[in-house]
Amino acid sequence: MKPVDELVLEDGAYQHRTMFWNEDIYEAELEHIFSRAWLFLTHESLIPEAGDYNTTRMGEDKVIVIRQQDGSIRAFINSCRHRGNTVCHADAGNTRQFTCSYHGWSYGSNGELIGVPLEQDAYFNQIDKSKFGLQEIAQVASYKGMVFGTFDASAPDLETYLGDMRWYMDSFLDVPGGIELIGPPMKSILNCNWKTPAENFGGDDYHFGWTHAAGVAVMGGPLEMLAGNTGVPNEVGFQVGSSYGHIFGFIEGGAAALQPFPEWREMYDNWLNSRLPGQEEKFGPLQARFYKGHWNANIFPNCSFLYGTNTFKVWQPRGPRAIEVYTWTLVEKEMPAELKQMMHRSNAATFGTAGMLESDDGENFEECTQTNRGFNTRQGYCHAGMGQQNEGPHPDMPGVISDNLMAETGLRNFYRTWARMVNGDDWTQIGAPATAPLKKLRAV
Amino acid sequence: MADQTQPSTGSTQAGQPVDQQTHFEIERFMVREARLLDQDRLHEWLELLAPDIRYQLPVQEVRYRKDTQPIGSATGTYIFDDDYKLLEMRVNRMDTNLVWFEDPKTSSRRLITNIDAEWSEQAGEIDAYSTFLTYRNRRQSDETWLVGAREDRLRKTDQGWRLVNRVILLDQRVVQDKNLHLFL
Ligand code: FES
Ligand SMILES: [Fe+2]
């Protein structure tokens, strides 16, 4: 593996292509990113009752996330402490205990080892069960219903980790009644490196009008002007890079833009307009504008969402060249059932496994990874230099902000954080503000 | 459920197997539908759909047998949950010639089998069951197989049989493919 300062160059603008292929680099990611960063686990609404659980993964580690008797949520590595078998094979359920299918050790919902077959006859009562509880995830916390976990006991708390992104996300997470995810998630496979969809969802508005030209053309609506990438009114939005590597691209007023039919856009717009005054009162107009805009976003490292289109994803790494894609639908809890169902249907039709726009992306993501099979091909660098001279801090909003919608500001922010983490930097350095120098301020 | 090993009794009561002529028509419908899809004759395929169609592929979770919602239970989330307008939009999108990843195009072959049909509680409508084995091949050597079942409601109209409802059951919790950009 090359030294990190040869992998990511020029403030995040170049990434060595082995980063999307190499096993050693992937191992370094598992150790330094997926074992340290806060990773999305589930939403509280999906495990509402005591004993409700979901299984998922953190990096390549299988985990169980389970609601405790006292209402708190804890998470454990889903592997038996005896010989290592998987303890729970279900996606979800409700239980008081998990029993291993190999020799029958059983664990309580708090992870404690509570049952060992033949404890007297075979172990002569000499096994200290308190030493063999399921390995617990060091920190688990919720932010407005979103449950995250980290293996790193020394990681900053979740609120700190969400950094600048929190100021923006509060505009839609902090609505009356809160938000929820409609699950269970769809799951599918993509033969690509996990970073490619993360950077794409988080910061690539450049691809939108081209990759998705067909979908945008048939759906019509306010984003139709982007189809074909012929001309782009840049005032339409901007990119944001947050501390700790989170990123998003923002389209002014565009939340409902990717709903496929005018009637659906109208139904959703009406809802947003009915809630906007409350959000403005709570947050002020500058922050509340993010409630009505469309977001493409990535919470570092691998949790992406499109607010407005309301798809919510985790890109679970499976080696450097494949991922599992989990897809939920994000809705406000107080939306009428009819609107929630519409959201789920439009998400499935656009960014679900059979989604028209999801399908457009998949092939590109896979090829961006698979071309690196060529030894000579992967000696080069990928480029994300767009708009590098036209971004900087803003007087009233946190993070690094681009002058316009078409900018790779987010990609650079993502890869700067990637480099700091893989380098093993300490948390104060990882969370330091982006280094991009102030070039020009845009009045927004 | 009626004793399916017996020949049709001629009854058109709900749950009774359809008569031989009807079975023949249903089988022809499905084979023809598969051919239209294999040949990308998507607008002709749309003509086989009733205007009030619901076309669904539910997400199925992996759950323990003892669970109150074991595998096969309705989870309420879908990979497809389309009405006619959404299906038509998917077809119209292909007409734009802007779907880059379908150029060069993906080939697909649908093998439809295990067809069974019985009268429904609705006069003139039958419930049809079938299984599919669908092969896709794209670019140089990208290939996948999809195996599953379909539970259809078909309605007899003056123009022939029309698909009113389809529930696709795909036997993969994690879809072993990058998309389901096809009609099953
Ligand atoms: S491996 Fe789980 S009980 Fe032996
Ligand atoms: Fe995309």
# chains A, B, ... in the order shown; residues from 1 in each chain; ligands from 1
call {"tool": "residues_near_ligand", "arguments": {"ligand": "ligand 2", "cutoff": "7 Å", "atoms": "only C-alpha atoms and all ligand atoms", "output": "mmCIF file with all heavy atoms, in the first residue's frame"}}
result
data_model
loop_
_atom_site.group_PDB
_atom_site.id
_atom_site.type_symbol
_atom_site.label_atom_id
_atom_site.label_comp_id
_atom_site.auth_asym_id
_atom_site.auth_seq_id
_atom_site.Cartn_x
_atom_site.Cartn_y
_atom_site.Cartn_z
ATOM 1 N N ASN A 200 -20.803 9.524 -5.009
ATOM 2 C CA ASN A 200 -21.814 9.877 -6.009
ATOM 3 C C ASN A 200 -23.050 10.465 -5.349
ATOM 4 O O ASN A 200 -23.516 11.543 -5.715
ATOM 5 C CB ASN A 200 -22.171 8.639 -6.831
ATOM 6 C CG ASN A 200 -23.368 8.892 -7.733
ATOM 7 O OD1 ASN A 200 -24.510 8.775 -7.297
ATOM 8 N ND2 ASN A 200 -23.125 9.266 -8.969
ATOM 9 N N PHE A 201 -23.588 9.743 -4.373
ATOM 10 C CA PHE A 201 -24.797 10.257 -3.700
ATOM 11 C C PHE A 201 -24.487 11.538 -2.945
ATOM 12 O O PHE A 201 -25.300 12.449 -2.886
ATOM 13 C CB PHE A 201 -25.377 9.196 -2.752
ATOM 14 C CG PHE A 201 -26.422 8.345 -3.401
ATOM 15 C CD1 PHE A 201 -26.103 7.518 -4.452
ATOM 16 C CD2 PHE A 201 -27.744 8.389 -2.971
ATOM 17 C CE1 PHE A 201 -27.073 6.737 -5.076
ATOM 18 C CE2 PHE A 201 -28.731 7.623 -3.587
ATOM 19 C CZ PHE A 201 -28.390 6.794 -4.632
ATOM 20 N N HIS A 207 -23.283 14.295 -12.573
ATOM 21 C CA HIS A 207 -23.715 13.124 -13.350
ATOM 22 C C HIS A 207 -25.224 13.138 -13.583
ATOM 23 O O HIS A 207 -25.732 12.444 -14.436
ATOM 24 C CB HIS A 207 -23.341 11.823 -12.620
ATOM 25 C CG HIS A 207 -24.375 11.351 -11.629
ATOM 26 N ND1 HIS A 207 -24.638 12.000 -10.449
ATOM 27 C CD2 HIS A 207 -25.231 10.295 -11.656
ATOM 28 C CE1 HIS A 207 -25.599 11.363 -9.793
ATOM 29 N NE2 HIS A 207 -25.985 10.324 -10.502
ATOM 30 N N PHE A 208 -25.931 13.904 -12.768
ATOM 31 C CA PHE A 208 -27.378 13.735 -12.695
ATOM 32 C C PHE A 208 -28.057 13.926 -14.057
ATOM 33 O O PHE A 208 -28.814 13.074 -14.526
ATOM 34 C CB PHE A 208 -27.963 14.695 -11.646
ATOM 35 C CG PHE A 208 -29.435 14.557 -11.514
ATOM 36 C CD1 PHE A 208 -29.980 13.523 -10.777
ATOM 37 C CD2 PHE A 208 -30.284 15.430 -12.174
ATOM 38 C CE1 PHE A 208 -31.349 13.363 -10.681
ATOM 39 C CE2 PHE A 208 -31.655 15.281 -12.083
ATOM 40 C CZ PHE A 208 -32.184 14.239 -11.335
ATOM 41 N N THR A 211 -26.294 10.953 -16.675
ATOM 42 C CA THR A 211 -26.593 9.547 -16.369
ATOM 43 C C THR A 211 -28.096 9.308 -16.363
ATOM 44 O O THR A 211 -28.577 8.293 -16.867
ATOM 45 C CB THR A 211 -26.018 9.173 -14.990
ATOM 46 O OG1 THR A 211 -24.601 9.222 -15.052
ATOM 47 C CG2 THR A 211 -26.443 7.775 -14.568
ATOM 48 N N HIS A 212 -28.829 10.251 -15.775
ATOM 49 C CA HIS A 212 -30.262 10.041 -15.576
ATOM 50 C C HIS A 212 -31.110 10.795 -16.606
ATOM 51 O O HIS A 212 -32.291 11.075 -16.358
ATOM 52 C CB HIS A 212 -30.658 10.472 -14.164
ATOM 53 C CG HIS A 212 -29.903 9.751 -13.087
ATOM 54 N ND1 HIS A 212 -29.932 8.376 -12.957
ATOM 55 C CD2 HIS A 212 -29.082 10.201 -12.103
ATOM 56 C CE1 HIS A 212 -29.165 8.026 -11.921
ATOM 57 N NE2 HIS A 212 -28.637 9.113 -11.405
ATOM 58 N N LEU A 357 -33.783 5.203 -11.838
ATOM 59 C CA LEU A 357 -32.546 5.983 -11.713
ATOM 60 C C LEU A 357 -31.434 5.171 -11.064
ATOM 61 O O LEU A 357 -30.270 5.314 -11.404
ATOM 62 C CB LEU A 357 -32.818 7.292 -10.960
ATOM 63 C CG LEU A 357 -33.613 8.286 -11.816
ATOM 64 C CD1 LEU A 357 -35.104 8.054 -11.721
ATOM 65 C CD2 LEU A 357 -33.286 9.717 -11.489
ATOM 66 N N GLU A 358 -31.826 4.298 -10.142
ATOM 67 C CA GLU A 358 -30.847 3.401 -9.520
ATOM 68 C C GLU A 358 -30.157 2.544 -10.593
ATOM 69 O O GLU A 358 -28.950 2.339 -10.560
ATOM 70 C CB GLU A 358 -31.568 2.482 -8.520
ATOM 71 C CG GLU A 358 -30.687 1.459 -7.830
ATOM 72 C CD GLU A 358 -30.016 2.006 -6.588
ATOM 73 O OE1 GLU A 358 -30.026 3.236 -6.399
ATOM 74 O OE2 GLU A 358 -29.469 1.206 -5.815
ATOM 75 N N ASP A 360 -29.706 3.243 -13.688
ATOM 76 C CA ASP A 360 -28.764 4.079 -14.447
ATOM 77 C C ASP A 360 -27.398 4.125 -13.773
ATOM 78 O O ASP A 360 -26.355 4.094 -14.421
ATOM 79 C CB ASP A 360 -29.263 5.538 -14.493
ATOM 80 C CG ASP A 360 -30.516 5.736 -15.342
ATOM 81 O OD1 ASP A 360 -30.724 4.984 -16.299
ATOM 82 O OD2 ASP A 360 -31.266 6.692 -15.032
ATOM 83 N N ASP A 361 -27.416 4.242 -12.440
ATOM 84 C CA ASP A 361 -26.168 4.434 -11.696
ATOM 85 C C ASP A 361 -25.330 3.167 -11.584
ATOM 86 O O ASP A 361 -24.109 3.224 -11.619
ATOM 87 C CB ASP A 361 -26.489 4.895 -10.261
ATOM 88 C CG ASP A 361 -26.859 6.362 -10.181
ATOM 89 O OD1 ASP A 361 -26.264 7.177 -10.912
ATOM 90 O OD2 ASP A 361 -27.741 6.693 -9.366
#
call {"tool": "residues_near_ligand", "arguments": {"ligand": "ligand 1", "cutoff": "8 Å", "atoms": "only C-alpha atoms and all ligand atoms", "output": "list in words"}}
result
Ser79, Cys80, Arg81, His82, Arg83, Gly84, Asn85, Thr86, Val87, Thr99, Cys100, Ser101, Tyr102, His103, Gly104, Trp105, Ser106 and Val116 of chain A
call {"tool": "closest_atom_pairs", "arguments": {"of": "chain A", "to": "chain B", "cutoff": "8 Å", "atoms": "only C-alpha atoms", "output": "CSV"}}
result
residue,atom,partner,partner_atom,distance
A:His89,CA,B:Arg63,CA,7.7
A:Ala90,CA,B:Arg63,CA,4.6
A:Asp91,CA,B:Val62,CA,5.3
A:Ala92,CA,B:Arg63,CA,6.4
A:Gly93,CA,B:Asp67,CA,6.8
A:Asn94,CA,B:Asp67,CA,7.8
A:Ile182,CA,B:Thr77,CA,7.4
A:Gly183,CA,B:Thr77,CA,6.3
A:Pro184,CA,B:Thr77,CA,6.6
A:Pro185,CA,B:Val59,CA,7.5
A:Met186,CA,B:Val59,CA,6.2
A:Lys187,CA,B:Val174,CA,4.7
A:Ser188,CA,B:Val175,CA,4.3
A:Ile189,CA,B:Lys178,CA,5.4
A:Leu190,CA,B:Lys178,CA,4.9
A:Asn191,CA,B:Lys178,CA,7.6
A:Thr211,CA,B:Trp100,CA,7.2
A:His212,CA,B:Val99,CA,7.5
A:Ala213,CA,B:Leu98,CA,6.1
A:Ala214,CA,B:Leu98,CA,4.8
A:Gly215,CA,B:Arg93,CA,6.0
A:Ala217,CA,B:Arg93,CA,7.7
A:Val218,CA,B:Arg93,CA,5.8
A:Met219,CA,B:Met89,CA,7.8
A:Glu324,CA,B:Val174,CA,7.9
A:His344,CA,B:Thr77,CA,7.6
A:Arg345,CA,B:Asp81,CA,5.8
A:Ala348,CA,B:Ile79,CA,5.6
A:Ala349,CA,B:Phe80,CA,6.8
A:Gly352,CA,B:Ile79,CA,6.2
A:Thr353,CA,B:Asn179,CA,5.1
A:Ala354,CA,B:Leu180,CA,4.4
A:Gly355,CA,B:His181,CA,7.2
A:Met356,CA,B:Arg90,CA,7.1
A:Glu358,CA,B:Asn179,CA,7.5
A:Ser359,CA,B:Asn179,CA,5.6
A:Asp360,CA,B:Phe101,CA,6.2
A:Gly362,CA,B:Lys178,CA,6.1
A:Glu363,CA,B:Phe101,CA,6.3
A:Asn364,CA,B:Phe101,CA,7.9
call {"tool": "residues_around", "arguments": {"residues": "Asn376 (chain A)", "least_positions_apart": "4", "cutoff": "12 Å", "atoms": "only C-alpha atoms", "output": "number ranges by chain"}}
result
A: 17-18, 371-372, 380-381
call {"tool": "write_last_selection", "arguments": {"atoms": "N, CA, C and O atoms", "output": "compact mmCIF listing (two decimals), in the first residue's frame"}}
result
# COMPACT_ATOMS: atom_id res chain seq x y z
N ARG A 17 -5.99 5.14 -8.06
CA ARG A 17 -7.03 4.18 -8.41
C ARG A 17 -6.94 2.86 -7.65
O ARG A 17 -7.93 2.12 -7.56
N THR A 18 -5.79 2.59 -7.06
CA THR A 18 -5.70 1.38 -6.23
C THR A 18 -6.64 1.48 -5.02
O THR A 18 -7.00 0.46 -4.44
N THR A 371 -12.76 -1.61 -14.03
CA THR A 371 -11.67 -1.28 -14.96
C THR A 371 -10.32 -1.35 -14.28
O THR A 371 -9.30 -1.58 -14.93
N ASN A 372 -10.31 -1.21 -12.95
CA ASN A 372 -9.03 -1.23 -12.22
C ASN A 372 -8.41 -2.62 -12.15
O ASN A 372 -7.30 -2.78 -11.64
N GLY A 380 -2.98 4.98 -12.33
CA GLY A 380 -3.27 6.41 -12.44
C GLY A 380 -4.13 6.93 -11.31
O GLY A 380 -4.40 6.25 -10.32
N TYR A 381 -4.58 8.15 -11.48
CA TYR A 381 -5.43 8.82 -10.48
C TYR A 381 -6.77 9.18 -11.10
O TYR A 381 -6.85 9.51 -12.28
call {"tool": "closest_residue", "arguments": {"among": "B:Arg109, B:Arg54, B:Arg32, B:His23", "to": "Glu143 (chain B)", "atoms": "only C-alpha atoms"}}
result
B:Arg109
call {"tool": "residues_around", "arguments": {"residues": "Trp161 (chain B)", "least_positions_apart": "2", "cutoff": "12 Å", "atoms": "only C-alpha atoms", "output": "PyMOL selection string"}}
result
chain B and resi 22-30+32-33+47-50+124-128+152-159+163-164
call {"tool": "write_last_selection", "arguments": {"atoms": "C-alpha atoms", "output": "PDB file, in the first residue's frame"}}
result
ATOM      1  CA  THR B  22     -59.107 -21.712 -20.469  1.00  0.00           C
ATOM      2  CA  HIS B  23     -55.892 -23.299 -19.298  1.00  0.00           C
ATOM      3  CA  PHE B  24     -54.669 -23.323 -22.860  1.00  0.00           C
ATOM      4  CA  GLU B  25     -55.492 -19.612 -23.226  1.00  0.00           C
ATOM      5  CA  ILE B  26     -53.695 -18.726 -20.007  1.00  0.00           C
ATOM      6  CA  GLU B  27     -50.647 -20.665 -21.004  1.00  0.00           C
ATOM      7  CA  ARG B  28     -50.607 -18.952 -24.376  1.00  0.00           C
ATOM      8  CA  PHE B  29     -50.987 -15.585 -22.691  1.00  0.00           C
ATOM      9  CA  MET B  30     -47.942 -16.209 -20.530  1.00  0.00           C
ATOM     10  CA  ARG B  32     -46.675 -14.717 -25.537  1.00  0.00           C
ATOM     11  CA  GLU B  33     -46.053 -12.210 -22.779  1.00  0.00           C
ATOM     12  CA  GLU B  47     -51.480  -3.774 -24.130  1.00  0.00           C
ATOM     13  CA  LEU B  48     -51.737  -7.012 -22.165  1.00  0.00           C
ATOM     14  CA  LEU B  49     -52.280  -5.079 -18.945  1.00  0.00           C
ATOM     15  CA  ALA B  50     -55.608  -4.039 -17.503  1.00  0.00           C
ATOM     16  CA  GLY B 124     -64.501 -13.717 -15.536  1.00  0.00           C
ATOM     17  CA  GLU B 125     -61.257 -13.542 -13.573  1.00  0.00           C
ATOM     18  CA  ILE B 126     -58.841 -16.331 -12.800  1.00  0.00           C
ATOM     19  CA  ASP B 127     -55.880 -16.739 -10.473  1.00  0.00           C
ATOM     20  CA  ALA B 128     -52.847 -18.051 -12.276  1.00  0.00           C
ATOM     21  CA  ASP B 152     -51.417 -13.361 -11.201  1.00  0.00           C
ATOM     22  CA  ARG B 153     -55.002 -12.283 -11.531  1.00  0.00           C
ATOM     23  CA  LEU B 154     -56.172 -12.326 -15.143  1.00  0.00           C
ATOM     24  CA  ARG B 155     -59.420 -10.927 -16.495  1.00  0.00           C
ATOM     25  CA  LYS B 156     -61.221 -12.063 -19.621  1.00  0.00           C
ATOM     26  CA  THR B 157     -62.097  -9.130 -21.857  1.00  0.00           C
ATOM     27  CA  ASP B 158     -63.378  -8.761 -25.415  1.00  0.00           C
ATOM     28  CA  GLN B 159     -59.767  -8.250 -26.491  1.00  0.00           C
ATOM     29  CA  LEU B 163     -53.285  -8.916 -16.419  1.00  0.00           C
ATOM     30  CA  VAL B 164     -55.005  -7.267 -13.447  1.00  0.00           C
TER      31      VAL B 164
END
call {"tool": "atom_distance", "arguments": {"atom1": "CA of Arg35 (chain B)", "atom2": "CA of Asp103 (chain B)"}}
result
20.4 Å
call {"tool": "atom_distance", "arguments": {"atom1": "CA of Arg275 (chain A)", "atom2": "CA of Thr160 (chain A)"}}
result
27.7 Å
call {"tool": "select_by_dssp", "arguments": {"residues": "chain B", "states": "alpha helix (DSSP H)", "output": "number ranges by chain"}}
result
B: 20-38, 42-46, 84-95
call {"tool": "write_last_selection", "arguments": {"atoms": "C-alpha atoms", "output": "compact mmCIF listing (two decimals), in the first residue's frame"}}
result
# COMPACT_ATOMS: atom_id res chain seq x y z
CA GLN B 20 -58.81 -27.17 -20.57
CA GLN B 21 -59.62 -24.43 -23.08
CA THR B 22 -59.11 -21.71 -20.47
CA HIS B 23 -55.89 -23.30 -19.30
CA PHE B 24 -54.67 -23.32 -22.86
CA GLU B 25 -55.49 -19.61 -23.23
CA ILE B 26 -53.70 -18.73 -20.01
CA GLU B 27 -50.65 -20.66 -21.00
CA ARG B 28 -50.61 -18.95 -24.38
CA PHE B 29 -50.99 -15.58 -22.69
CA MET B 30 -47.94 -16.21 -20.53
CA VAL B 31 -45.76 -17.58 -23.28
CA ARG B 32 -46.68 -14.72 -25.54
CA GLU B 33 -46.05 -12.21 -22.78
CA ALA B 34 -42.60 -13.69 -22.19
CA ARG B 35 -41.77 -13.48 -25.87
CA LEU B 36 -42.83 -9.83 -26.11
CA LEU B 37 -40.63 -8.98 -23.13
CA ASP B 38 -37.67 -10.98 -24.43
CA LEU B 42 -42.70 -3.25 -24.46
CA HIS B 43 -45.59 -1.27 -25.86
CA GLU B 44 -47.24 -4.48 -27.02
CA TRP B 45 -46.67 -5.84 -23.53
CA LEU B 46 -48.46 -2.80 -22.06
CA TYR B 84 -50.34 1.33 -15.03
CA LYS B 85 -48.94 4.86 -15.09
CA LEU B 86 -45.65 3.85 -13.51
CA LEU B 87 -45.28 0.83 -15.78
CA GLU B 88 -45.98 3.02 -18.78
CA MET B 89 -43.41 5.54 -17.55
CA ARG B 90 -40.79 2.81 -17.35
CA VAL B 91 -41.55 1.86 -20.95
CA ASN B 92 -41.58 5.46 -22.19
CA ARG B 93 -38.24 6.01 -20.56
CA MET B 94 -36.72 3.32 -22.77
CA ASP B 95 -38.13 5.11 -25.82
call {"tool": "closest_residue", "arguments": {"among": "A:Arg36, A:Arg321, A:Arg265, A:His383", "to": "Ala155 (chain A)", "atoms": "only C-alpha atoms"}}
result
A:Arg36
